[in-house]
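Undergrad: So that you have it, the file is final.pdb, and it contains PDB, C-alpha atoms:
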MODEL        1
ATOM      1  CA  MET A   1     -12.238 -10.142 -49.547
ATOM      2  CA  LEU A   2     -12.528 -12.579 -46.640
ATOM      3  CA  LEU A   3     -16.332 -12.361 -46.696
ATOM      4  CA  LEU A   4     -16.279 -13.334 -50.372
ATOM      5  CA  LEU A   5     -14.007 -16.263 -49.537
ATOM      6  CA  SER A   6     -16.413 -17.412 -46.823
ATOM      7  CA  ILE A   7     -19.355 -17.212 -49.226
ATOM      8  CA  SER A   8     -17.385 -19.118 -51.847
ATOM      9  CA  LEU A   9     -16.456 -21.762 -49.293
ATOM     10  CA  SER A  10     -20.091 -22.238 -48.243
ATOM     11  CA  ALA A  11     -21.200 -22.546 -51.837
ATOM     12  CA  ALA A  12     -18.433 -25.022 -52.650
ATOM     13  CA  GLY A  13     -19.343 -27.110 -49.626
ATOM     14  CA  GLN A  14     -22.993 -27.287 -50.625
ATOM     15  CA  VAL A  15     -22.086 -28.343 -54.155
ATOM     16  CA  LYS A  16     -19.929 -31.152 -52.778
ATOM     17  CA  GLY A  17     -22.646 -32.370 -50.443
ATOM     18  CA  VAL A  18     -21.486 -31.171 -47.035
ATOM     19  CA  PRO A  19     -24.163 -32.537 -44.672
ATOM     20  CA  LEU A  20     -26.972 -30.136 -43.783
ATOM     21  CA  ALA A  21     -28.115 -29.538 -40.203
ATOM     22  CA  GLY A  22     -30.204 -32.317 -38.711
ATOM     23  CA  PRO A  23     -30.540 -34.448 -35.580
ATOM     24  CA  ASN A  24     -27.774 -36.818 -36.680
ATOM     25  CA  SER A  25     -25.579 -34.264 -38.433
ATOM     26  CA  PHE A  26     -22.277 -32.787 -37.342
ATOM     27  CA  GLN A  27     -23.061 -30.275 -34.575
ATOM     28  CA  LEU A  28     -21.094 -27.646 -32.649
ATOM     29  CA  SER A  29     -21.864 -26.378 -29.140
ATOM     30  CA  SER A  30     -20.172 -24.499 -26.302
ATOM     31  CA  THR A  31     -20.460 -24.379 -22.525
ATOM     32  CA  THR A  32     -19.039 -20.833 -22.631
ATOM     33  CA  PHE A  33     -21.949 -19.294 -24.562
ATOM     34  CA  ALA A  34     -25.198 -20.398 -26.150
ATOM     35  CA  ASN A  35     -25.905 -20.048 -29.858
ATOM     36  CA  ASP A  36     -27.369 -16.661 -30.833
ATOM     37  CA  THR A  37     -26.525 -14.983 -27.526
ATOM     38  CA  THR A  38     -24.207 -12.181 -26.392
ATOM     39  CA  LEU A  39     -20.609 -13.293 -25.890
ATOM     40  CA  PRO A  40     -19.265 -13.182 -22.302
ATOM     41  CA  ILE A  41     -16.484 -10.854 -21.146
ATOM     42  CA  SER A  42     -14.153 -13.868 -20.817
ATOM     43  CA  MET A  43     -13.990 -13.990 -24.630
ATOM     44  CA  ILE A  44     -13.561 -10.261 -25.264
ATOM     45  CA  TYR A  45     -10.307  -8.623 -26.354
ATOM     46  CA  ASN A  46      -8.486  -6.563 -23.731
ATOM     47  CA  TYR A  47      -7.232  -3.279 -25.211
ATOM     48  CA  VAL A  48      -6.492  -0.874 -22.386
ATOM     49  CA  VAL A  49      -6.464   2.884 -23.035
ATOM     50  CA  ASN A  50      -6.063   5.246 -20.080
ATOM     51  CA  GLY A  51      -6.647   2.375 -17.678
ATOM     52  CA  SER A  52      -9.891   1.189 -19.280
ATOM     53  CA  ASN A  53     -10.611  -1.621 -21.726
ATOM     54  CA  ILE A  54     -12.140   0.015 -24.809
ATOM     55  CA  CYS A  55     -13.474  -3.369 -25.956
ATOM     56  CA  SER A  56     -16.085  -3.534 -23.184
ATOM     57  CA  ILE A  57     -19.042  -1.256 -22.534
ATOM     58  CA  ASP A  58     -17.989  -0.354 -18.986
ATOM     59  CA  GLY A  59     -14.205  -0.673 -19.315
ATOM     60  CA  SER A  60     -14.061  -4.092 -17.650
ATOM     61  CA  PRO A  61     -10.981  -6.187 -18.494
ATOM     62  CA  GLY A  62     -11.540  -8.722 -21.236
ATOM     63  CA  GLY A  63     -10.407 -12.305 -20.698
ATOM     64  CA  ASN A  64      -9.426 -12.705 -24.379
ATOM     65  CA  GLN A  65      -9.856 -16.485 -24.124
ATOM     66  CA  SER A  66     -11.276 -18.707 -26.823
ATOM     67  CA  PRO A  67     -14.426 -20.525 -25.662
ATOM     68  CA  GLU A  68     -14.876 -24.176 -24.896
ATOM     69  CA  LEU A  69     -16.118 -25.885 -28.058
ATOM     70  CA  SER A  70     -17.549 -29.393 -28.457
ATOM     71  CA  TRP A  71     -18.703 -31.286 -31.525
ATOM     72  CA  ILE A  72     -20.726 -34.467 -32.004
ATOM     73  CA  ASN A  73     -21.739 -36.757 -34.881
ATOM     74  CA  VAL A  74     -18.324 -36.504 -36.519
ATOM     75  CA  PRO A  75     -18.537 -37.501 -40.197
ATOM     76  CA  PRO A  76     -16.873 -40.754 -41.276
ATOM     77  CA  HIS A  77     -13.344 -40.540 -42.676
ATOM     78  CA  THR A  78     -12.528 -37.337 -40.768
ATOM     79  CA  ALA A  79      -8.731 -36.890 -40.684
ATOM     80  CA  SER A  80      -8.525 -33.393 -39.163
ATOM     81  CA  PHE A  81     -10.581 -30.428 -38.003
ATOM     82  CA  VAL A  82     -10.340 -26.690 -38.680
ATOM     83  CA  VAL A  83     -11.885 -24.042 -36.421
ATOM     84  CA  THR A  84     -12.384 -20.385 -37.366
ATOM     85  CA  LEU A  85     -13.852 -17.284 -35.742
ATOM     86  CA  TYR A  86     -15.048 -14.704 -38.245
ATOM     87  CA  ASP A  87     -16.740 -11.349 -37.639
ATOM     88  CA  THR A  88     -19.169 -11.199 -40.562
ATOM     89  CA  THR A  89     -20.087  -7.592 -39.759
ATOM     90  CA  ALA A  90     -16.534  -6.287 -40.122
ATOM     91  CA  SER A  91     -15.156  -9.025 -42.437
ATOM     92  CA  PHE A  92     -12.488  -9.735 -39.824
ATOM     93  CA  THR A  93     -10.897 -13.050 -38.833
ATOM     94  CA  HIS A  94     -10.187 -13.366 -35.113
ATOM     95  CA  TRP A  95      -8.943 -16.953 -35.089
ATOM     96  CA  GLY A  96      -8.007 -19.884 -37.251
ATOM     97  CA  MET A  97      -6.738 -23.265 -36.039
ATOM     98  CA  TYR A  98      -6.123 -26.180 -38.402
ATOM     99  CA  ASN A  99      -4.886 -29.796 -38.350
ATOM    100  CA  ILE A 100      -6.689 -30.430 -35.077
ATOM    101  CA  SER A 101      -6.521 -34.146 -34.221
ATOM    102  CA  PRO A 102      -9.294 -36.325 -35.681
ATOM    103  CA  ALA A 103      -9.611 -37.862 -32.195
ATOM    104  CA  ALA A 104     -10.627 -34.479 -30.732
ATOM    105  CA  THR A 105     -14.234 -34.028 -29.651
ATOM    106  CA  GLY A 106     -13.750 -30.304 -29.145
ATOM    107  CA  LEU A 107     -11.367 -27.698 -27.780
ATOM    108  CA  PRO A 108     -10.956 -26.612 -24.157
ATOM    109  CA  GLU A 109     -11.358 -23.008 -23.083
ATOM    110  CA  ASN A 110      -8.313 -20.900 -24.048
ATOM    111  CA  ALA A 111      -7.118 -23.418 -26.653
ATOM    112  CA  GLY A 112      -6.378 -20.387 -28.831
ATOM    113  CA  VAL A 113      -3.497 -19.200 -26.670
ATOM    114  CA  ALA A 114      -0.256 -18.508 -28.567
ATOM    115  CA  GLY A 115       1.763 -21.702 -29.006
ATOM    116  CA  SER A 116      -1.265 -23.939 -28.403
ATOM    117  CA  ALA A 117      -0.689 -27.681 -28.622
ATOM    118  CA  ASP A 118      -4.243 -28.272 -29.879
ATOM    119  CA  GLY A 119      -3.468 -27.396 -33.497
ATOM    120  CA  SER A 120      -1.620 -25.024 -35.829
ATOM    121  CA  GLN A 121      -2.813 -21.399 -35.828
ATOM    122  CA  ILE A 122      -2.814 -18.853 -38.616
ATOM    123  CA  VAL A 123      -1.972 -15.190 -38.102
ATOM    124  CA  ASN A 124      -5.295 -13.472 -37.464
ATOM    125  CA  ASP A 125      -6.309 -10.018 -38.681
ATOM    126  CA  PHE A 126      -4.844  -8.473 -35.522
ATOM    127  CA  GLY A 127      -1.483  -9.835 -36.723
ATOM    128  CA  PHE A 128      -1.017 -12.598 -34.138
ATOM    129  CA  ALA A 129      -1.008 -16.416 -34.359
ATOM    130  CA  GLU A 130      -3.606 -16.894 -31.628
ATOM    131  CA  TYR A 131      -7.207 -16.232 -30.676
ATOM    132  CA  ASP A 132      -8.011 -12.557 -30.164
ATOM    133  CA  GLY A 133     -11.531 -11.705 -29.117
ATOM    134  CA  PRO A 134     -14.178  -9.226 -30.250
ATOM    135  CA  CYS A 135     -13.560  -5.485 -30.031
ATOM    136  CA  PRO A 136     -16.076  -3.690 -32.264
ATOM    137  CA  PRO A 137     -15.727   0.102 -32.311
ATOM    138  CA  ALA A 138     -18.097   1.951 -29.989
ATOM    139  CA  ASN A 139     -20.808   4.207 -31.413
ATOM    140  CA  VAL A 140     -20.152   3.082 -35.000
ATOM    141  CA  ARG A 141     -22.999   1.499 -36.956
ATOM    142  CA  PRO A 142     -23.794  -1.314 -37.081
ATOM    143  CA  PHE A 143     -23.419  -1.380 -33.313
ATOM    144  CA  VAL A 144     -23.822  -5.140 -32.864
ATOM    145  CA  HIS A 145     -21.376  -7.461 -34.633
ATOM    146  CA  ASP A 146     -22.006 -11.111 -35.528
ATOM    147  CA  TYR A 147     -19.258 -13.594 -34.639
ATOM    148  CA  ILE A 148     -19.373 -16.998 -36.327
ATOM    149  CA  PHE A 149     -17.455 -19.980 -34.958
ATOM    150  CA  THR A 150     -17.212 -22.739 -37.554
ATOM    151  CA  VAL A 151     -15.692 -26.198 -37.302
ATOM    152  CA  TYR A 152     -14.855 -28.039 -40.515
ATOM    153  CA  ALA A 153     -14.252 -31.795 -40.688
ATOM    154  CA  LEU A 154     -11.795 -32.757 -43.432
ATOM    155  CA  ASN A 155     -10.789 -36.159 -44.774
ATOM    156  CA  LYS A 156      -7.187 -34.914 -45.007
ATOM    157  CA  THR A 157      -4.774 -32.630 -43.203
ATOM    158  CA  LEU A 158      -3.892 -29.234 -44.640
ATOM    159  CA  SER A 159      -0.433 -28.304 -45.872
ATOM    160  CA  LEU A 160      -0.157 -24.522 -45.816
ATOM    161  CA  THR A 161       2.889 -22.973 -47.449
ATOM    162  CA  GLY A 162       3.730 -20.093 -45.156
ATOM    163  CA  SER A 163       7.216 -19.020 -44.112
ATOM    164  CA  ALA A 164       8.849 -16.838 -41.478
ATOM    165  CA  ASN A 165       8.604 -13.816 -43.790
ATOM    166  CA  PHE A 166       5.128 -14.678 -45.085
ATOM    167  CA  PRO A 167       3.278 -16.542 -42.313
ATOM    168  CA  ASN A 168       0.011 -18.343 -42.951
ATOM    169  CA  ASN A 169      -2.874 -15.916 -42.492
ATOM    170  CA  ALA A 170      -6.650 -15.988 -42.812
ATOM    171  CA  GLU A 171      -6.640 -15.729 -46.588
ATOM    172  CA  THR A 172      -4.159 -18.627 -46.813
ATOM    173  CA  LEU A 173      -6.459 -20.787 -44.706
ATOM    174  CA  TYR A 174      -9.659 -19.821 -46.525
ATOM    175  CA  GLN A 175      -8.083 -20.493 -49.911
ATOM    176  CA  ALA A 176      -6.957 -23.916 -48.677
ATOM    177  CA  LEU A 177     -10.483 -24.625 -47.427
ATOM    178  CA  ILE A 178     -12.046 -23.515 -50.713
ATOM    179  CA  HIS A 179      -9.681 -25.838 -52.565
ATOM    180  CA  ALA A 180     -10.513 -28.663 -50.151
ATOM    181  CA  ALA A 181     -14.262 -28.081 -50.593
ATOM    182  CA  LYS A 182     -13.995 -28.143 -54.377
ATOM    183  CA  ASN A 183     -12.155 -31.468 -54.152
ATOM    184  CA  GLY A 184     -14.641 -33.046 -51.764
ATOM    185  CA  ASN A 185     -12.266 -32.997 -48.796
ATOM    186  CA  ILE A 186     -14.641 -31.179 -46.447
ATOM    187  CA  VAL A 187     -16.952 -33.890 -45.128
ATOM    188  CA  GLY A 188     -18.884 -31.739 -42.653
ATOM    189  CA  SER A 189     -19.197 -28.315 -41.068
ATOM    190  CA  ALA A 190     -21.084 -26.777 -38.155
ATOM    191  CA  SER A 191     -21.358 -23.264 -36.743
ATOM    192  CA  LEU A 192     -22.272 -21.219 -33.672
ATOM    193  CA  THR A 193     -23.132 -17.524 -33.668
ATOM    194  CA  GLY A 194     -22.451 -15.002 -30.916
ATOM    195  CA  PHE A 195     -23.129 -11.267 -30.739
ATOM    196  CA  TYR A 196     -21.209  -8.414 -29.189
ATOM    197  CA  SER A 197     -21.333  -4.623 -28.997
ATOM    198  CA  THR A 198     -19.358  -1.976 -27.151
ATOM    199  CA  THR A 199     -22.142   0.586 -27.617
ATOM    200  CA  PRO A 200     -24.582   0.945 -24.692
ATOM    201  CA  LYS A 201     -28.239   0.404 -25.575
TER     202      LYS A 201
ENDMDL
END
Since I need it in another form, could you write the structure as structure tokens?
TA:
Amino acid sequence: MLLLLSISLSAAGQVKGVPLAGPNSFQLSSTTFANDTTLPISMIYNYVVNGSNICSIDGSPGGNQSPELSWINVPPHTASFVVTLYDTTASFTHWGMYNISPAATGLPENAGVAGSADGSQIVNDFGFAEYDGPCPPANVRPFVHDYIFTVYALNKTLSLTGSANFPNNAETLYQALIHAAKNGNIVGSASLTGFYSTTPK
């Protein structure tokens, strides 16, 4: 379901003229990892079983910290940013932060900690309102998962309608973004891709 929402969002953005990649377009980068590379252990989920982290190949503890993110060439009329981390291989949302200040030029490392002051966070597919890193199952095909960080620039802030009993989750955020795209409220987007596997080569 979430993969379909992501596809719908991309299509809606293209219809509404979200800028395409180019030298002067909205761009996302990170000092924590390079685009199209393996994600570092600092970003990986830490799920300890019998004294070993099952989310790493060798049992090393995962830092479970969101990466440093920076963006440039912010589109005019930007009023807020949204950042998501989506595992396209497993159709799994690891992080969603919205209503990030329009004055922000990025997010520091570990901005996705619970209770972050950098923006509002949705409940991810682990069930927590925070960043939780990759933890693909070992020895299950496909072995390598693709993790897409996307920043959206909006010309408005988002008003999500969650409550204590029904907190805002990934689907709530994606539906709000689809609605925003259809109404021309997404003025730019940019992405970074990282890879991770817990299966030895």
Undergrad: Residues picked by the PyMOL selection byres ((chain A and resi 88) around 7) here, as a PyMOL selection string?
TA: chain A and resi 3+86-87+89-92+146-147
Undergrad: Restricting the output to C-alpha atoms, write the selected residues as a tab-separated table (two decimals), in the frame of the given file.
TA:
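Listing of result_1.tsv after writing:
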chain	number	residue	atom	x	y	z
A	3	LEU	CA	-16.33	-12.36	-46.70
A	86	TYR	CA	-15.05	-14.70	-38.24
A	87	ASP	CA	-16.74	-11.35	-37.64
A	89	THR	CA	-20.09	-7.59	-39.76
A	90	ALA	CA	-16.53	-6.29	-40.12
A	91	SER	CA	-15.16	-9.02	-42.44
A	92	PHE	CA	-12.49	-9.74	-39.82
A	146	ASP	CA	-22.01	-11.11	-35.53
A	147	TYR	CA	-19.26	-13.59	-34.64
Undergrad: Which of these, A:Ser191, A:Asn46, A:Asn155, A:Thr32, has the shortest distance to Leu177 of chain A once you count only C-alpha atoms?
TA: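 The answer is A:Asn155, which sits nearest to Leu177 of chain A.
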Undergrad: Please provide as a PDB file with C-alpha atoms, keeping the file's coordinate frame all residues within 8 Å of segment 54-67 of chain A, with the sequence filter that same-chain residues fewer than 3 positions apart are discarded (counting all atoms listed in the file).
TA:
ATOM      1  CA  SER A  30     -20.172 -24.499 -26.302  1.00  0.00           C
ATOM      2  CA  THR A  31     -20.460 -24.379 -22.525  1.00  0.00           C
ATOM      3  CA  THR A  32     -19.039 -20.833 -22.631  1.00  0.00           C
ATOM      4  CA  PHE A  33     -21.949 -19.294 -24.562  1.00  0.00           C
ATOM      5  CA  ILE A  41     -16.484 -10.854 -21.146  1.00  0.00           C
ATOM      6  CA  SER A  42     -14.153 -13.868 -20.817  1.00  0.00           C
ATOM      7  CA  MET A  43     -13.990 -13.990 -24.630  1.00  0.00           C
ATOM      8  CA  ILE A  44     -13.561 -10.261 -25.264  1.00  0.00           C
ATOM      9  CA  TYR A  45     -10.307  -8.623 -26.354  1.00  0.00           C
ATOM     10  CA  ASN A  46      -8.486  -6.563 -23.731  1.00  0.00           C
ATOM     11  CA  TYR A  47      -7.232  -3.279 -25.211  1.00  0.00           C
ATOM     12  CA  VAL A  48      -6.492  -0.874 -22.386  1.00  0.00           C
ATOM     13  CA  VAL A  49      -6.464   2.884 -23.035  1.00  0.00           C
ATOM     14  CA  PRO A 108     -10.956 -26.612 -24.157  1.00  0.00           C
ATOM     15  CA  GLU A 109     -11.358 -23.008 -23.083  1.00  0.00           C
ATOM     16  CA  ASN A 110      -8.313 -20.900 -24.048  1.00  0.00           C
ATOM     17  CA  ALA A 111      -7.118 -23.418 -26.653  1.00  0.00           C
ATOM     18  CA  GLY A 112      -6.378 -20.387 -28.831  1.00  0.00           C
ATOM     19  CA  VAL A 113      -3.497 -19.200 -26.670  1.00  0.00           C
ATOM     20  CA  TYR A 131      -7.207 -16.232 -30.676  1.00  0.00           C
ATOM     21  CA  ASP A 132      -8.011 -12.557 -30.164  1.00  0.00           C
ATOM     22  CA  GLY A 133     -11.531 -11.705 -29.117  1.00  0.00           C
ATOM     23  CA  PRO A 134     -14.178  -9.226 -30.250  1.00  0.00           C
ATOM     24  CA  CYS A 135     -13.560  -5.485 -30.031  1.00  0.00           C
ATOM     25  CA  PRO A 136     -16.076  -3.690 -32.264  1.00  0.00           C
ATOM     26  CA  PRO A 137     -15.727   0.102 -32.311  1.00  0.00           C
ATOM     27  CA  SER A 197     -21.333  -4.623 -28.997  1.00  0.00           C
ATOM     28  CA  THR A 198     -19.358  -1.976 -27.151  1.00  0.00           C
ATOM     29  CA  THR A 199     -22.142   0.586 -27.617  1.00  0.00           C
ATOM     30  CA  PRO A 200     -24.582   0.945 -24.692  1.00  0.00           C
TER      31      PRO A 200
END
Undergrad: Name the residues within 6 Å of (-13.8, -27.9, -28.7), counting only C-alpha atoms in the file's coordinates, and put them as an mmCIF file with C-alpha atoms, keeping the file's coordinate frame.
TA:
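point34.cif was written with the following content:
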data_model
loop_
_atom_site.group_PDB
_atom_site.id
_atom_site.type_symbol
_atom_site.label_atom_id
_atom_site.label_comp_id
_atom_site.auth_asym_id
_atom_site.auth_seq_id
_atom_site.Cartn_x
_atom_site.Cartn_y
_atom_site.Cartn_z
ATOM 1 C CA GLU A 68 -14.876 -24.176 -24.896
ATOM 2 C CA LEU A 69 -16.118 -25.885 -28.058
ATOM 3 C CA SER A 70 -17.549 -29.393 -28.457
ATOM 4 C CA GLY A 106 -13.750 -30.304 -29.145
ATOM 5 C CA LEU A 107 -11.367 -27.698 -27.780
ATOM 6 C CA PRO A 108 -10.956 -26.612 -24.157
#
Undergrad: Taking the file above as input, evaluate the PyMOL selection byres ((chain A and resi 129) around 9) and report the hits as a PDB file with C-alpha atoms, in the coordinates of the input.
TA:
ATOM      1  CA  TRP A  95      -8.943 -16.953 -35.089  1.00  0.00           C
ATOM      2  CA  GLY A  96      -8.007 -19.884 -37.251  1.00  0.00           C
ATOM      3  CA  GLY A 112      -6.378 -20.387 -28.831  1.00  0.00           C
ATOM      4  CA  VAL A 113      -3.497 -19.200 -26.670  1.00  0.00           C
ATOM      5  CA  ALA A 114      -0.256 -18.508 -28.567  1.00  0.00           C
ATOM      6  CA  GLY A 115       1.763 -21.702 -29.006  1.00  0.00           C
ATOM      7  CA  SER A 120      -1.620 -25.024 -35.829  1.00  0.00           C
ATOM      8  CA  GLN A 121      -2.813 -21.399 -35.828  1.00  0.00           C
ATOM      9  CA  ILE A 122      -2.814 -18.853 -38.616  1.00  0.00           C
ATOM     10  CA  VAL A 123      -1.972 -15.190 -38.102  1.00  0.00           C
ATOM     11  CA  ASN A 124      -5.295 -13.472 -37.464  1.00  0.00           C
ATOM     12  CA  PHE A 126      -4.844  -8.473 -35.522  1.00  0.00           C
ATOM     13  CA  GLY A 127      -1.483  -9.835 -36.723  1.00  0.00           C
ATOM     14  CA  PHE A 128      -1.017 -12.598 -34.138  1.00  0.00           C
ATOM     15  CA  GLU A 130      -3.606 -16.894 -31.628  1.00  0.00           C
ATOM     16  CA  TYR A 131      -7.207 -16.232 -30.676  1.00  0.00           C
ATOM     17  CA  ASN A 168       0.011 -18.343 -42.951  1.00  0.00           C
ATOM     18  CA  ASN A 169      -2.874 -15.916 -42.492  1.00  0.00           C
TER      19      ASN A 169
END
Undergrad: Given all atoms listed in the file as the basis, pick out the residue of A:Val83, A:Ile148, A:Thr78, A:Val140 nearest to Asp118 of chain A.
TA: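 Closest to Asp118 of chain A of all the choices is A:Val83.
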Undergrad: To one decimal place, how far is atom CA of Ser159 of chain A from atom CA of Ala180 of chain A in Å?
TA: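 Straight-line distance from atom CA of Ser159 of chain A to atom CA of Ala180 of chain A works out to 11.0 Å.
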